[in-house]
Amino acid sequence: MYVPSFGHTTRLLTGLLLLSAGLLSSCETSRRQAFPEVSSPVNDPTKTEQRQLEATSKLVAEIAEGKTQYSVPRDQLTRNFIREFGDGTVVDKVVIRKVQEKPKDAPIYYLVGLGLKDGMFRGMAIPLRKSTDNSLYLSSNTERYILQGTGCTFCFFNFQGNKIVGTTCEENTGGSSCDLTVKDNNTFFR
């Protein structure tokens, strides 16, 4: 049986240690290259909220001193409503409506387009998201409420709290109605 001498064992252990150190350092280098350092974003809730809104939404207007200042020209909003209806409805009025049942309730804002199709009243309302800086955003995953009048010269949205729950015909003369349809999303700013 062969028994290595002390010198031979030391050289063998030294070689193994150098080999291990070389392997470990190459692993360490690989790890650094595979995981580059990145800086973390500033943890500012206002900026984070704004980035999230901008990522999924489009700025429509801002509320300044109680007045609505449109960020998108009204003629573009009108064209977008006409395209969103997609059935020949001609929109001639676009407004942002604030809904607040009680003074202590947080208001909800709706972008509303009103018009006619074949002489019958049509309307669409899309809820807007209000950011902390009073900017109003329209998100593509927001529902849209569509009114279609039959025999009504004008239809109104009915609210419960700040939510649209139904419709009313301005002058209900037997056979007149306003139908409400709710769609899950919109392509307003596609």
# chains A, B, ... in the order shown; residues from 1 in each chain; ligands from 1

$ residues_around --residues "Arg144 (chain A)" --least-positions-apart "6" --cutoff "8 Å" --atoms "only C-alpha atoms" --output "list in words"
Met124, Ala125, Ile126, Pro127, Val182, Lys183, Asp184, Asn185 and Asn186 of chain A

$ residues_around --residues "region 92-97 of chain A" --least-positions-apart "3" --cutoff "9 Å" --atoms "only C-alpha atoms" --output "ChimeraX atom specification"
/A:61,68,74-75,77-78,81,108-116,128

$ residues_around --residues "Leu59 (chain A)" --least-positions-apart "6" --cutoff "10 Å" --atoms "only C-alpha atoms" --output "CSV table (one decimal) with N, CA and C atoms, in the first residue's frame"
chain,number,residue,atom,x,y,z
A,53,LEU,N,-50.5,56.0,-12.8
A,53,LEU,CA,-51.6,56.5,-13.6
A,53,LEU,C,-51.2,56.7,-15.0
A,70,TYR,N,-59.0,71.6,-19.4
A,70,TYR,CA,-58.8,70.5,-20.2
A,70,TYR,C,-57.3,70.4,-20.7
A,71,SER,N,-56.8,69.2,-20.6
A,71,SER,CA,-55.4,68.9,-21.1
A,71,SER,C,-55.5,68.4,-22.6
A,72,VAL,N,-56.6,67.9,-22.9
A,72,VAL,CA,-56.8,67.3,-24.3
A,72,VAL,C,-57.9,68.3,-24.9
A,128,LEU,N,-63.4,59.1,-14.3
A,128,LEU,CA,-62.0,59.6,-14.4
A,128,LEU,C,-61.4,59.3,-13.0
A,129,ARG,N,-60.1,59.1,-13.0
A,129,ARG,CA,-59.4,58.9,-11.7
A,129,ARG,C,-58.8,60.2,-11.3
A,130,LYS,N,-58.9,60.6,-10.1
A,130,LYS,CA,-58.4,61.9,-9.6
A,130,LYS,C,-57.1,61.6,-8.8
A,135,SER,N,-55.2,66.1,-10.8
A,135,SER,CA,-55.2,65.8,-12.2
A,135,SER,C,-56.3,64.7,-12.4
A,136,LEU,N,-57.0,64.7,-13.6
A,136,LEU,CA,-58.0,63.7,-13.9
A,136,LEU,C,-57.5,62.9,-15.0
A,137,TYR,N,-57.5,61.5,-14.8
A,137,TYR,CA,-57.0,60.6,-15.8
A,137,TYR,C,-58.1,59.6,-16.3
A,138,LEU,N,-58.1,59.3,-17.5
A,138,LEU,CA,-59.0,58.3,-18.1
A,138,LEU,C,-58.2,57.0,-18.3
A,139,SER,N,-58.6,55.9,-17.7
A,139,SER,CA,-57.9,54.7,-17.8
A,139,SER,C,-58.7,53.8,-18.8

$ residues_around --residues "Gly161 (chain A)" --least-positions-apart "6" --cutoff "12 Å" --atoms "only C-alpha atoms" --output "list of chain:residue names"
A:Val99, A:Gln100, A:Glu101, A:Lys102, A:Pro103, A:Lys104, A:Asp105, A:Ala106, A:Pro107, A:Ile108

$ atom_distance --atom1 "CA of Gln148 (chain A)" --atom2 "CA of Arg122 (chain A)"
4.8 Å

$ atom_distance --atom1 "CA of Glu143 (chain A)" --atom2 "CA of Glu65 (chain A)"
28.3 Å
